[in-house]
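work-v4.csv follows (CSV, C-alpha atoms):
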chain,number,residue,atom,x,y,z
A,9,MET,CA,-24.3,-32.5,38.8
A,10,ARG,CA,-22.5,-32.6,42.1
A,11,ASN,CA,-24.4,-31.6,45.2
A,12,PRO,CA,-23.3,-28.0,45.9
A,13,ARG,CA,-23.3,-28.7,49.7
A,14,ALA,CA,-20.8,-31.5,49.0
A,15,PHE,CA,-18.4,-29.4,47.0
A,16,PHE,CA,-16.4,-28.5,50.2
A,17,ARG,CA,-16.3,-32.0,51.6
A,18,PRO,CA,-13.1,-34.1,51.2
A,19,LEU,CA,-13.2,-36.5,48.2
A,20,ALA,CA,-11.6,-39.3,50.3
A,21,VAL,CA,-11.9,-40.4,53.8
A,22,GLY,CA,-9.1,-38.8,55.9
A,23,ALA,CA,-8.2,-36.2,53.3
A,24,PRO,CA,-8.0,-32.6,54.5
A,25,MET,CA,-10.9,-30.2,54.2
A,26,PRO,CA,-11.0,-28.3,50.9
A,27,VAL,CA,-10.2,-24.6,51.1
A,28,ASP,CA,-13.1,-22.1,50.7
A,29,THR,CA,-10.8,-19.2,49.7
A,30,VAL,CA,-7.7,-19.4,47.6
A,31,PRO,CA,-4.9,-17.9,49.8
A,32,PHE,CA,-3.3,-14.9,48.1
A,33,ARG,CA,0.4,-14.8,48.6
A,34,PRO,CA,3.0,-12.8,46.6
A,35,SER,CA,3.0,-14.5,43.2
A,36,ARG,CA,4.8,-12.2,40.9
A,37,MET,CA,6.9,-14.9,39.2
A,38,ILE,CA,6.8,-18.6,38.9
A,39,HIS,CA,10.4,-19.5,38.4
A,40,PHE,CA,11.0,-22.8,36.5
A,41,PHE,CA,14.0,-25.1,37.2
A,42,ASP,CA,15.0,-28.6,36.0
A,43,PRO,CA,15.3,-30.9,39.0
A,44,SER,CA,17.4,-33.4,36.9
A,45,ASN,CA,20.1,-30.8,36.4
A,46,GLU,CA,22.4,-31.2,39.4
A,47,ARG,CA,24.1,-27.8,39.0
A,48,MET,CA,20.7,-26.1,38.8
A,49,ALA,CA,19.5,-28.1,41.8
A,50,LEU,CA,22.4,-26.8,43.9
A,51,LYS,CA,21.2,-23.2,43.2
A,52,VAL,CA,17.6,-23.8,44.3
A,53,PRO,CA,18.1,-22.7,48.0
A,54,ASP,CA,19.5,-19.3,46.8
A,55,ILE,CA,17.1,-18.8,44.0
A,56,ALA,CA,14.2,-19.6,46.3
A,57,LYS,CA,15.1,-16.5,48.4
A,58,LYS,CA,14.7,-14.2,45.4
A,59,VAL,CA,11.4,-15.5,44.0
A,60,ASP,CA,7.8,-15.7,45.1
A,61,ILE,CA,7.2,-19.2,43.6
A,62,ILE,CA,9.8,-21.8,42.6
A,63,LEU,CA,8.6,-24.6,40.3
A,64,GLY,CA,10.2,-28.0,39.7
A,65,ASN,CA,9.5,-28.8,36.1
A,66,LEU,CA,8.8,-32.4,35.1
A,67,GLU,CA,7.2,-31.9,31.7
A,68,ASP,CA,8.2,-30.0,28.6
A,69,ALA,CA,12.0,-29.1,28.4
A,70,ILE,CA,12.8,-32.3,30.3
A,71,GLU,CA,14.1,-35.0,28.0
A,72,VAL,CA,12.4,-38.4,28.1
A,73,ALA,CA,15.5,-40.1,29.4
A,74,ASN,CA,15.5,-37.6,32.4
A,75,LYS,CA,11.9,-37.8,33.4
A,76,GLU,CA,12.5,-40.1,36.4
A,77,ALA,CA,15.6,-38.3,37.4
A,78,ALA,CA,13.7,-35.0,37.4
A,79,ARG,CA,11.0,-36.5,39.6
A,80,GLU,CA,13.5,-38.0,42.1
A,81,GLY,CA,15.5,-34.8,42.0
A,82,LEU,CA,12.5,-32.8,43.0
A,83,VAL,CA,11.7,-35.2,45.9
A,84,LYS,CA,15.2,-34.8,47.2
A,85,ILE,CA,15.1,-31.0,46.9
A,86,GLY,CA,11.7,-30.9,48.6
A,87,LYS,CA,13.0,-32.9,51.5
A,88,THR,CA,16.2,-31.0,52.0
A,89,THR,CA,15.3,-27.4,51.3
A,90,ASP,CA,13.8,-24.8,53.6
A,91,PHE,CA,11.8,-22.6,51.2
A,92,GLY,CA,10.7,-20.1,53.9
A,93,PRO,CA,7.8,-18.0,52.6
A,94,THR,CA,8.5,-19.0,49.0
A,95,GLN,CA,5.9,-21.3,47.5
A,96,LEU,CA,7.0,-24.7,46.0
A,97,TRP,CA,5.1,-25.8,42.9
A,98,THR,CA,5.6,-28.5,40.3
A,99,ARG,CA,4.5,-29.0,36.8
A,100,ILE,CA,3.7,-32.6,36.3
A,101,ASN,CA,3.7,-34.4,32.9
A,102,SER,CA,0.4,-34.2,30.9
A,103,LEU,CA,-2.3,-36.6,32.0
A,104,ASP,CA,-2.1,-38.5,28.7
A,105,SER,CA,1.6,-39.4,29.4
A,106,PRO,CA,3.0,-42.5,31.0
A,107,TRP,CA,4.6,-40.4,33.8
A,108,ALA,CA,1.8,-38.3,35.2
A,109,LEU,CA,0.4,-40.9,37.6
A,110,ASP,CA,3.8,-41.6,39.1
A,111,ASP,CA,4.6,-37.9,39.3
A,112,ILE,CA,1.5,-37.2,41.4
A,113,THR,CA,1.8,-40.4,43.5
A,114,ARG,CA,5.5,-40.0,44.3
A,115,LEU,CA,5.4,-36.2,45.0
A,116,VAL,CA,2.3,-36.2,47.2
A,117,THR,CA,3.4,-39.1,49.3
A,118,GLU,CA,7.0,-38.0,49.7
A,119,ILE,CA,6.9,-34.1,49.9
A,120,GLY,CA,3.2,-33.4,49.9
A,121,ASP,CA,3.6,-31.4,53.2
A,122,LYS,CA,5.8,-28.9,51.4
A,123,LEU,CA,4.1,-28.9,48.0
A,124,ASP,CA,1.8,-25.9,47.6
A,125,VAL,CA,0.5,-26.3,44.0
A,126,ILE,CA,0.5,-28.8,41.2
A,127,MET,CA,0.4,-27.3,37.7
A,128,VAL,CA,-1.5,-29.6,35.3
A,129,PRO,CA,-0.5,-29.1,31.7
A,130,LYS,CA,-2.7,-29.2,28.6
A,131,VAL,CA,-6.0,-29.2,30.6
A,132,GLU,CA,-8.8,-29.9,28.1
A,133,GLY,CA,-11.9,-29.7,30.3
A,134,PRO,CA,-13.2,-30.0,33.9
A,135,GLU,CA,-12.9,-33.8,33.7
A,136,ASP,CA,-9.1,-33.5,33.9
A,137,ILE,CA,-9.4,-31.4,37.1
A,138,HIS,CA,-11.9,-33.9,38.6
A,139,TYR,CA,-9.5,-36.8,38.0
A,140,VAL,CA,-6.6,-34.9,39.7
A,141,ASP,CA,-8.9,-33.7,42.5
A,142,ARG,CA,-10.0,-37.2,43.5
A,143,LEU,CA,-6.5,-38.7,43.2
A,144,LEU,CA,-5.0,-36.0,45.3
A,145,ALA,CA,-7.6,-36.5,48.0
A,146,GLN,CA,-6.8,-40.3,48.1
A,147,LEU,CA,-3.0,-39.7,48.3
A,148,GLU,CA,-3.3,-36.9,50.9
A,149,ALA,CA,-5.3,-39.3,53.1
A,150,ARG,CA,-2.7,-42.0,52.6
A,151,ALA,CA,0.2,-39.7,53.4
A,152,GLY,CA,-1.6,-37.8,56.3
A,153,ILE,CA,-1.3,-34.4,54.6
A,154,LYS,CA,-3.0,-31.8,56.8
A,155,ARG,CA,-3.7,-29.1,54.1
A,156,PRO,CA,-5.0,-29.7,50.6
A,157,ILE,CA,-2.5,-29.3,47.7
A,158,LEU,CA,-4.0,-26.9,45.2
A,159,VAL,CA,-4.2,-27.3,41.4
A,160,HIS,CA,-3.2,-24.8,38.7
A,161,ALA,CA,-4.5,-25.4,35.1
A,162,LEU,CA,-2.3,-24.7,32.1
A,163,LEU,CA,-4.3,-23.5,29.1
A,164,GLU,CA,-2.4,-24.9,26.0
A,165,THR,CA,-5.2,-26.2,23.8
A,166,ALA,CA,-8.2,-24.8,21.9
A,167,SER,CA,-10.4,-27.2,23.9
A,168,GLY,CA,-9.0,-25.9,27.1
A,169,VAL,CA,-9.7,-22.3,26.2
A,170,ASN,CA,-13.2,-23.3,24.9
A,171,ASN,CA,-13.9,-24.9,28.3
A,172,ILE,CA,-12.2,-22.2,30.4
A,173,GLU,CA,-15.2,-21.3,32.6
A,174,GLN,CA,-15.9,-24.9,33.5
A,175,ILE,CA,-12.3,-25.6,34.3
A,176,ALA,CA,-12.1,-22.6,36.6
A,177,ALA,CA,-15.1,-23.8,38.5
A,178,ALA,CA,-14.2,-27.5,38.5
A,179,SER,CA,-12.9,-27.8,42.1
A,180,PRO,CA,-12.2,-25.9,45.3
A,181,ARG,CA,-8.6,-26.9,44.7
A,182,MET,CA,-8.3,-24.6,41.7
A,183,GLN,CA,-5.7,-22.1,42.5
A,184,GLY,CA,-5.4,-20.4,39.1
A,185,MET,CA,-4.5,-20.7,35.5
A,186,SER,CA,-1.6,-19.8,33.2
A,187,LEU,CA,-1.5,-19.2,29.5
A,188,GLY,CA,0.8,-21.6,27.5
A,189,PRO,CA,1.1,-19.7,24.2
A,190,ALA,CA,3.4,-22.1,22.3
A,191,ASP,CA,1.3,-25.2,22.6
A,192,LEU,CA,-1.9,-23.2,22.2
A,193,ALA,CA,-0.5,-21.7,19.0
A,194,ALA,CA,0.1,-25.2,17.7
A,195,SER,CA,-3.3,-26.4,18.8
A,196,ARG,CA,-5.0,-23.4,17.0
A,197,ARG,CA,-2.8,-23.8,13.9
A,198,MET,CA,-1.5,-20.3,14.4
A,199,LYS,CA,1.3,-19.3,12.0
A,200,THR,CA,3.9,-18.3,14.5
A,201,THR,CA,6.9,-20.1,15.9
A,202,ARG,CA,7.4,-17.6,18.8
A,203,VAL,CA,6.9,-18.5,22.5
A,204,GLY,CA,4.7,-15.6,23.7
A,205,GLY,CA,4.8,-12.0,22.7
A,206,GLY,CA,3.6,-10.3,19.5
A,207,HIS,CA,4.4,-10.9,15.9
A,208,PRO,CA,5.6,-8.3,13.3
A,209,ASP,CA,3.0,-9.5,10.8
A,210,TYR,CA,0.0,-9.2,13.1
A,211,ILE,CA,-0.7,-5.5,12.5
A,212,VAL,CA,-3.3,-2.8,11.9
A,213,ARG,CA,-2.7,-0.1,9.3
A,214,THR,CA,-4.0,3.5,9.2
A,215,ASP,CA,-6.3,4.6,6.3
A,216,PRO,CA,-4.9,5.8,2.9
A,217,THR,CA,-3.9,9.4,2.8
A,218,GLY,CA,-4.3,9.7,-1.0
A,219,ASP,CA,-4.4,7.7,-4.2
A,220,ASP,CA,-1.1,6.0,-3.4
A,221,LEU,CA,-2.2,3.1,-1.1
A,222,ASN,CA,1.3,2.8,0.4
A,223,GLU,CA,2.2,6.4,1.1
A,224,GLY,CA,1.9,7.9,4.6
A,225,ARG,CA,0.3,4.8,6.2
A,226,THR,CA,1.5,3.7,9.6
A,227,THR,CA,1.3,0.2,10.9
A,228,TYR,CA,1.1,-1.0,14.5
A,229,GLN,CA,2.0,-4.4,15.8
A,230,GLN,CA,-0.8,-6.1,17.7
A,231,ASP,CA,-0.8,-8.6,20.6
A,232,LEU,CA,-1.7,-12.1,19.5
A,233,TRP,CA,-2.7,-13.1,23.0
A,234,HIS,CA,-4.8,-10.2,24.2
A,235,PHE,CA,-8.2,-11.9,23.7
A,236,THR,CA,-7.2,-15.1,25.4
A,237,ILE,CA,-5.5,-13.4,28.3
A,238,SER,CA,-8.7,-11.4,28.8
A,239,ARG,CA,-10.9,-14.5,28.8
A,240,MET,CA,-8.6,-16.2,31.3
A,241,VAL,CA,-8.6,-13.2,33.6
A,242,ASP,CA,-12.4,-13.0,33.5
A,243,ALA,CA,-12.8,-16.8,34.1
A,244,CYS,CA,-10.4,-16.6,37.1
A,245,ALA,CA,-12.0,-13.4,38.5
A,246,ALA,CA,-15.4,-15.0,38.4
A,247,MET,CA,-14.2,-18.0,40.4
A,248,ASP,CA,-11.9,-16.0,42.7
A,249,ILE,CA,-8.8,-17.8,41.5
A,250,LEU,CA,-5.6,-16.3,40.1
A,251,PRO,CA,-4.5,-15.7,36.5
A,252,PHE,CA,-0.9,-15.8,35.3
A,253,TYR,CA,0.9,-15.0,32.1
A,254,GLY,CA,3.0,-17.9,30.9
A,255,PRO,CA,6.5,-18.0,29.3
A,256,PHE,CA,8.2,-15.4,27.2
A,257,GLY,CA,10.7,-17.4,25.1
A,258,ASP,CA,13.1,-14.7,23.8
A,259,ILE,CA,15.3,-14.5,26.8
A,260,LYS,CA,17.6,-11.8,25.2
A,261,ASP,CA,14.7,-9.5,24.4
A,262,VAL,CA,14.2,-8.1,27.9
A,263,VAL,CA,12.4,-5.0,26.5
A,264,ALA,CA,9.6,-7.0,24.8
A,265,CYS,CA,9.4,-9.4,27.8
A,266,GLU,CA,8.8,-6.4,30.1
A,267,ASP,CA,6.1,-5.1,27.7
A,268,GLN,CA,4.3,-8.4,27.6
A,269,PHE,CA,4.5,-8.9,31.3
A,270,ARG,CA,3.2,-5.3,31.9
A,271,ASN,CA,0.3,-5.9,29.5
A,272,ALA,CA,-0.7,-9.0,31.4
A,273,PHE,CA,-0.4,-7.1,34.7
A,274,LEU,CA,-2.6,-4.3,33.6
A,275,LEU,CA,-5.2,-6.8,32.3
A,276,GLY,CA,-5.4,-8.4,35.7
A,277,CYS,CA,-2.7,-11.2,35.9
A,278,VAL,CA,-1.0,-11.5,39.3
A,279,GLY,CA,2.3,-12.8,37.9
A,280,ALA,CA,4.2,-14.5,35.0
A,281,TRP,CA,6.6,-17.3,34.4
A,282,SER,CA,10.4,-16.7,34.6
A,283,LEU,CA,12.5,-19.1,32.5
A,284,HIS,CA,15.8,-17.5,33.2
A,285,PRO,CA,17.2,-15.5,36.2
A,286,VAL,CA,17.1,-12.3,34.1
A,287,GLN,CA,13.3,-12.5,33.9
A,288,ILE,CA,13.0,-12.7,37.7
A,289,ASP,CA,13.8,-9.0,38.1
A,290,ILE,CA,11.5,-8.1,35.2
A,291,ALA,CA,8.6,-9.9,36.8
A,292,LYS,CA,9.3,-8.4,40.2
A,293,ARG,CA,9.5,-4.9,38.8
A,294,VAL,CA,6.4,-5.2,36.6
A,295,PHE,CA,4.0,-7.0,39.0
A,296,THR,CA,4.9,-4.7,41.9
A,297,PRO,CA,2.7,-1.6,42.0
A,298,PRO,CA,4.6,1.6,41.6
A,299,VAL,CA,5.1,3.6,44.7
A,300,GLU,CA,3.3,6.7,43.5
A,301,GLU,CA,0.3,4.6,42.4
A,302,VAL,CA,0.1,3.0,45.8
A,303,LYS,CA,0.3,6.3,47.5
A,304,TRP,CA,-2.5,7.7,45.3
A,305,ALA,CA,-4.7,4.6,45.9
A,306,LYS,CA,-4.2,5.1,49.7
A,307,ARG,CA,-5.3,8.8,49.3
A,308,VAL,CA,-8.4,7.8,47.5
A,309,ILE,CA,-9.3,5.2,50.1
A,310,GLU,CA,-8.8,7.6,52.9
A,311,ALA,CA,-10.9,10.3,51.2
A,312,MET,CA,-13.7,7.9,50.3
A,313,GLY,CA,-14.2,6.5,53.8
A,314,ASP,CA,-16.7,3.7,53.4
A,315,GLY,CA,-16.5,3.9,49.6
A,316,ALA,CA,-19.9,5.4,49.1
A,317,GLY,CA,-20.7,8.6,47.2
A,318,ALA,CA,-18.1,10.5,45.2
A,319,VAL,CA,-15.2,13.0,45.9
A,320,MET,CA,-12.9,15.1,43.8
A,321,LEU,CA,-9.1,14.7,44.3
A,322,ASP,CA,-6.7,16.8,42.2
A,323,GLY,CA,-9.5,17.5,39.8
A,324,LYS,CA,-10.3,13.8,39.3
A,325,MET,CA,-13.6,12.3,40.3
A,326,GLN,CA,-13.5,9.3,42.6
A,327,ASP,CA,-16.5,7.0,43.2
A,328,ASP,CA,-17.3,3.5,44.2
A,329,ALA,CA,-15.7,2.0,41.2
A,330,THR,CA,-12.4,3.8,41.6
A,331,PHE,CA,-12.5,3.0,45.3
A,332,LYS,CA,-12.6,-0.7,44.5
A,333,GLN,CA,-9.7,-0.3,42.0
A,334,CYS,CA,-7.6,1.4,44.6
A,335,GLN,CA,-8.4,-1.4,47.1
A,336,VAL,CA,-6.9,-3.9,44.6
A,337,VAL,CA,-3.7,-2.0,44.3
A,338,VAL,CA,-3.3,-1.4,48.1
A,339,GLU,CA,-4.1,-5.0,49.0
A,340,LEU,CA,-1.4,-6.2,46.6
A,341,ALA,CA,1.1,-3.7,47.9
A,342,GLU,CA,0.4,-4.8,51.5
A,343,ALA,CA,0.9,-8.5,50.6
A,344,LEU,CA,4.2,-7.7,48.9
A,345,ALA,CA,5.4,-5.4,51.7
A,346,GLU,CA,5.0,-8.1,54.3
A,347,ARG,CA,8.0,-10.0,53.0
A,348,ASP,CA,10.0,-7.0,51.7
A,349,PRO,CA,10.9,-4.3,54.4
A,350,GLU,CA,12.5,-2.0,51.8
A,351,LEU,CA,9.3,-2.1,49.7
A,352,ALA,CA,7.2,-1.6,52.8
A,353,ALA,CA,9.2,1.5,53.7
A,354,SER,CA,8.8,3.0,50.2
A,355,TYR,CA,5.1,2.4,50.4
A,356,GLY,CA,4.9,4.0,53.8
A,357,MET,CA,3.8,0.7,55.4
A,358,LYS,CA,6.5,0.3,58.1
Final structure tokens representation of the file:
Amino acid sequence: MRNPRAFFRPLAVGAPMPVDTVPFRPSRMIHFFDPSNERMALKVPDIAKKVDIILGNLEDAIEVANKEAAREGLVKIGKTTDFGPTQLWTRINSLDSPWALDDITRLVTEIGDKLDVIMVPKVEGPEDIHYVDRLLAQLEARAGIKRPILVHALLETASGVNNIEQIAAASPRMQGMSLGPADLAASRRMKTTRVGGGHPDYIVRTDPTGDDLNEGRTTYQQDLWHFTISRMVDACAAMDILPFYGPFGDIKDVVACEDQFRNAFLLGCVGAWSLHPVQIDIAKRVFTPPVEEVKWAKRVIEAMGDGAGAVMLDGKMQDDATFKQCQVVVELAEALAERDPELAASYGMK
């Protein structure tokens, strides 16, 4: 067991002090791009203006022959691009790959001052986070990085989900977690080839209406990922880190994508991945609280004062619990409004 008093001490001499609070910045979408694709790289400065988080992907979807090109491409982009308020993340290769060590070493020493978060794929347990934690501290000290680079765990294996609470609590560097449904489905031996979303055969059926077991019975498609997302949200909330929904692979089905994103938003996720520009606007729309909901939340907070007791508003009882719910909505709205004057005006937060 690590001494609790040592938890917020640097793991290497000269490394920056660990954070005691995960900074909450607008995080409605993590937009992935391939740094080895020169045409895509040229679009990064413009895309960065439209998204909350832009992520240079080095792992899955990058061909083996392009691994080093992707890494070097991200270094170049990091050095030459002004990201403004947009966060720069990367997803490194998995820790059991031959590229992960060079990914971390090269990126931290070359663009560590611009890199906000490193996403670690296929995290199996807290030991993976401990390894990355110590290595980052050593490299930050070597490079003279003044603020710690945070770590985001990608849940893609049954072991990772089984160890989710320990992973969430593994380090003060932990920024959050994302669900990786495709690899997790394979790890669990689930019988689906979809990347996120529901499945038409995963259903519940209403009771029989008579002797004919097929007549008058309605079926409803269920969400394969509801339980896992809920577990992830609980683990993150318990450790004050941030949960994200992962990829939705059917780019053309923007309706189902929006449904999946909204389910995740309602359950407590702060954002989702966008794999294509069309998903950016979906994530922005879904993970931005509606104007009327924000105005209602502000009314409740004003009526409740210090949050104690209970009041009636429009025939609805409001108490300590609803006061806290409304604070969540208003705090998110305020964070989003800071970088979006039009949104601020619609919320009445000029």
**OP:** Report the distance between CA of Pro24 in chain A and CA of Gly120 in chain A in Å, rounded to one decimal place.
**Re:**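 CA of Gly120 in chain A lies 12.1 Å from CA of Pro24 in chain A.
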Subject >> Top pick for closest residue to Ile62 in chain A, considering A:Thr113, A:Thr29, A:Asn101, A:Ser282 and counting only C-alpha atoms >> reply: A:Ser282
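Coordinates place CA of Asp191 in chain A at a distance of 5.0 Å from CA of Glu164 in chain A.
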Original post:
Skipping near chain neighbours, those fewer than 6 positions away, what residues fall within 12 Å of Asp68 in chain A using all atoms listed in the file, listed as a VMD selection string?
Top reply: chain A and resid 40 to 42 74 to 75 78 99 to 102 105 128 to 130 188 190 to 191
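Distances to Asp327 in chain A were evaluated for A:Gly313, A:Ser44, A:Ile119, A:Gly276 using all atoms listed in the file, and the minimum falls at A:Gly313.
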Original post:
If you count all atoms listed in the file, which residues fall within 9 Å of Val212 in chain A, apart from same-chain ones fewer than 5 positions away, as JSON, numbers by chain?
Top reply: {"A": [226, 227, 228, 229, 230]}
**OP:** Would you list the residues near (19.2, -10.0, 33.5) (no more than 12 Å away, in the coordinates of the file, using all atoms listed in the file) as a PyMOL selection string?
**Re:** chain A and resi 259-263+265-266+282-291
Please provide as a PDB file with C-alpha atoms, in the frame of the given file all residues within 12 Å of Ala311 in chain A, with the sequence filter that same-chain residues fewer than 3 positions apart are discarded (counting only C-alpha atoms).
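See part.pdb below for the written result:
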ATOM      1  CA  TRP A 304      -2.500   7.700  45.300  1.00  0.00           C
ATOM      2  CA  ALA A 305      -4.700   4.600  45.900  1.00  0.00           C
ATOM      3  CA  LYS A 306      -4.200   5.100  49.700  1.00  0.00           C
ATOM      4  CA  ARG A 307      -5.300   8.800  49.300  1.00  0.00           C
ATOM      5  CA  VAL A 308      -8.400   7.800  47.500  1.00  0.00           C
ATOM      6  CA  ASP A 314     -16.700   3.700  53.400  1.00  0.00           C
ATOM      7  CA  GLY A 315     -16.500   3.900  49.600  1.00  0.00           C
ATOM      8  CA  ALA A 316     -19.900   5.400  49.100  1.00  0.00           C
ATOM      9  CA  GLY A 317     -20.700   8.600  47.200  1.00  0.00           C
ATOM     10  CA  ALA A 318     -18.100  10.500  45.200  1.00  0.00           C
ATOM     11  CA  VAL A 319     -15.200  13.000  45.900  1.00  0.00           C
ATOM     12  CA  MET A 320     -12.900  15.100  43.800  1.00  0.00           C
ATOM     13  CA  LEU A 321      -9.100  14.700  44.300  1.00  0.00           C
ATOM     14  CA  ASP A 322      -6.700  16.800  42.200  1.00  0.00           C
ATOM     15  CA  MET A 325     -13.600  12.300  40.300  1.00  0.00           C
ATOM     16  CA  GLN A 326     -13.500   9.300  42.600  1.00  0.00           C
ATOM     17  CA  ASP A 327     -16.500   7.000  43.200  1.00  0.00           C
ATOM     18  CA  ASP A 328     -17.300   3.500  44.200  1.00  0.00           C
ATOM     19  CA  THR A 330     -12.400   3.800  41.600  1.00  0.00           C
ATOM     20  CA  PHE A 331     -12.500   3.000  45.300  1.00  0.00           C
ATOM     21  CA  CYS A 334      -7.600   1.400  44.600  1.00  0.00           C
TER      22      CYS A 334
END
Subject >> For CA of Pro53 in chain A and CA of Ala353 in chain A, the interatomic separation in Å (one decimal) >> reply: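 Here the two named atoms are 26.4 Å from each other.
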Original post:
What would the list of residues within 12 Å of (2.5, -33.1, 41.6) (file frame) look like as a PyMOL selection string, if all atoms listed in the file are what count?
Top reply: chain A and resi 63-67+79+82-83+86+96-103+107-129+140-141+143-144+147-148+157-160
Residues of range 10-64 of chain A at most 12 Å from range 292-295 of chain A: nearest atom pair and distance in Å, only C-alpha atoms, as CSV:
residue,atom,partner,partner_atom,distance
A:Pro34,CA,A:Phe295,CA,9.6
A:Ser35,CA,A:Phe295,CA,8.7
A:Arg36,CA,A:Phe295,CA,5.6
A:Met37,CA,A:Lys292,CA,7.0
A:Ile38,CA,A:Lys292,CA,10.6
A:His39,CA,A:Lys292,CA,11.3
A:Lys58,CA,A:Lys292,CA,9.5
A:Val59,CA,A:Lys292,CA,8.3
A:Asp60,CA,A:Lys292,CA,8.9
A:Ile61,CA,A:Lys292,CA,11.5
Subject >> Nearest candidate to Met198 in chain A (options A:Leu162, A:Trp233, A:Ser238, A:Glu350; using only C-alpha atoms) >> reply: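 Comparing A:Leu162, A:Trp233, A:Ser238, A:Glu350 against Met198 in chain A, the winner is A:Trp233.
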Name the residues in contact with range 240-248 of chain A at a cut-off of 12 Å, using all atoms listed in the file, excluding same-chain residues fewer than 5 positions from it; report them as a PDB file with C-alpha atoms, keeping the file's coordinate frame.
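Final output, saved to selection18.pdb:
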ATOM      1  CA  ASP A  28     -13.100 -22.100  50.700  1.00  0.00           C
ATOM      2  CA  THR A  29     -10.800 -19.200  49.700  1.00  0.00           C
ATOM      3  CA  VAL A  30      -7.700 -19.400  47.600  1.00  0.00           C
ATOM      4  CA  PRO A  31      -4.900 -17.900  49.800  1.00  0.00           C
ATOM      5  CA  PHE A  32      -3.300 -14.900  48.100  1.00  0.00           C
ATOM      6  CA  HIS A 160      -3.200 -24.800  38.700  1.00  0.00           C
ATOM      7  CA  ALA A 161      -4.500 -25.400  35.100  1.00  0.00           C
ATOM      8  CA  LEU A 162      -2.300 -24.700  32.100  1.00  0.00           C
ATOM      9  CA  LEU A 163      -4.300 -23.500  29.100  1.00  0.00           C
ATOM     10  CA  GLU A 164      -2.400 -24.900  26.000  1.00  0.00           C
ATOM     11  CA  GLY A 168      -9.000 -25.900  27.100  1.00  0.00           C
ATOM     12  CA  VAL A 169      -9.700 -22.300  26.200  1.00  0.00           C
ATOM     13  CA  ASN A 170     -13.200 -23.300  24.900  1.00  0.00           C
ATOM     14  CA  ASN A 171     -13.900 -24.900  28.300  1.00  0.00           C
ATOM     15  CA  ILE A 172     -12.200 -22.200  30.400  1.00  0.00           C
ATOM     16  CA  GLU A 173     -15.200 -21.300  32.600  1.00  0.00           C
ATOM     17  CA  GLN A 174     -15.900 -24.900  33.500  1.00  0.00           C
ATOM     18  CA  ILE A 175     -12.300 -25.600  34.300  1.00  0.00           C
ATOM     19  CA  ALA A 176     -12.100 -22.600  36.600  1.00  0.00           C
ATOM     20  CA  ALA A 177     -15.100 -23.800  38.500  1.00  0.00           C
ATOM     21  CA  ALA A 178     -14.200 -27.500  38.500  1.00  0.00           C
ATOM     22  CA  SER A 179     -12.900 -27.800  42.100  1.00  0.00           C
ATOM     23  CA  PRO A 180     -12.200 -25.900  45.300  1.00  0.00           C
ATOM     24  CA  ARG A 181      -8.600 -26.900  44.700  1.00  0.00           C
ATOM     25  CA  MET A 182      -8.300 -24.600  41.700  1.00  0.00           C
ATOM     26  CA  GLN A 183      -5.700 -22.100  42.500  1.00  0.00           C
ATOM     27  CA  GLY A 184      -5.400 -20.400  39.100  1.00  0.00           C
ATOM     28  CA  MET A 185      -4.500 -20.700  35.500  1.00  0.00           C
ATOM     29  CA  SER A 186      -1.600 -19.800  33.200  1.00  0.00           C
ATOM     30  CA  LEU A 187      -1.500 -19.200  29.500  1.00  0.00           C
ATOM     31  CA  GLY A 188       0.800 -21.600  27.500  1.00  0.00           C
ATOM     32  CA  TRP A 233      -2.700 -13.100  23.000  1.00  0.00           C
ATOM     33  CA  HIS A 234      -4.800 -10.200  24.200  1.00  0.00           C
ATOM     34  CA  PHE A 235      -8.200 -11.900  23.700  1.00  0.00           C
ATOM     35  CA  TYR A 253       0.900 -15.000  32.100  1.00  0.00           C
ATOM     36  CA  GLY A 254       3.000 -17.900  30.900  1.00  0.00           C
ATOM     37  CA  ALA A 272      -0.700  -9.000  31.400  1.00  0.00           C
ATOM     38  CA  PHE A 273      -0.400  -7.100  34.700  1.00  0.00           C
ATOM     39  CA  LEU A 274      -2.600  -4.300  33.600  1.00  0.00           C
ATOM     40  CA  LEU A 275      -5.200  -6.800  32.300  1.00  0.00           C
ATOM     41  CA  GLY A 276      -5.400  -8.400  35.700  1.00  0.00           C
ATOM     42  CA  CYS A 277      -2.700 -11.200  35.900  1.00  0.00           C
ATOM     43  CA  VAL A 278      -1.000 -11.500  39.300  1.00  0.00           C
ATOM     44  CA  GLY A 279       2.300 -12.800  37.900  1.00  0.00           C
TER      45      GLY A 279
END
**OP:** Skip Arg142 in chain A itself and residues of its chain fewer than 4 positions away, then list as JSON, numbers by chain all residues within 7 Å of it, counting all atoms listed in the file.
**Re:** {"A": [19, 138, 146]}
Subject >> Minimum-distance residue to Ile55 in chain A, chosen among A:Glu80, A:Gln268, A:Glu71, A:Thr94 (using all atoms listed in the file) >> reply: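 Between A:Glu80, A:Gln268, A:Glu71, A:Thr94, the residue approaching Ile55 in chain A most closely is A:Thr94.
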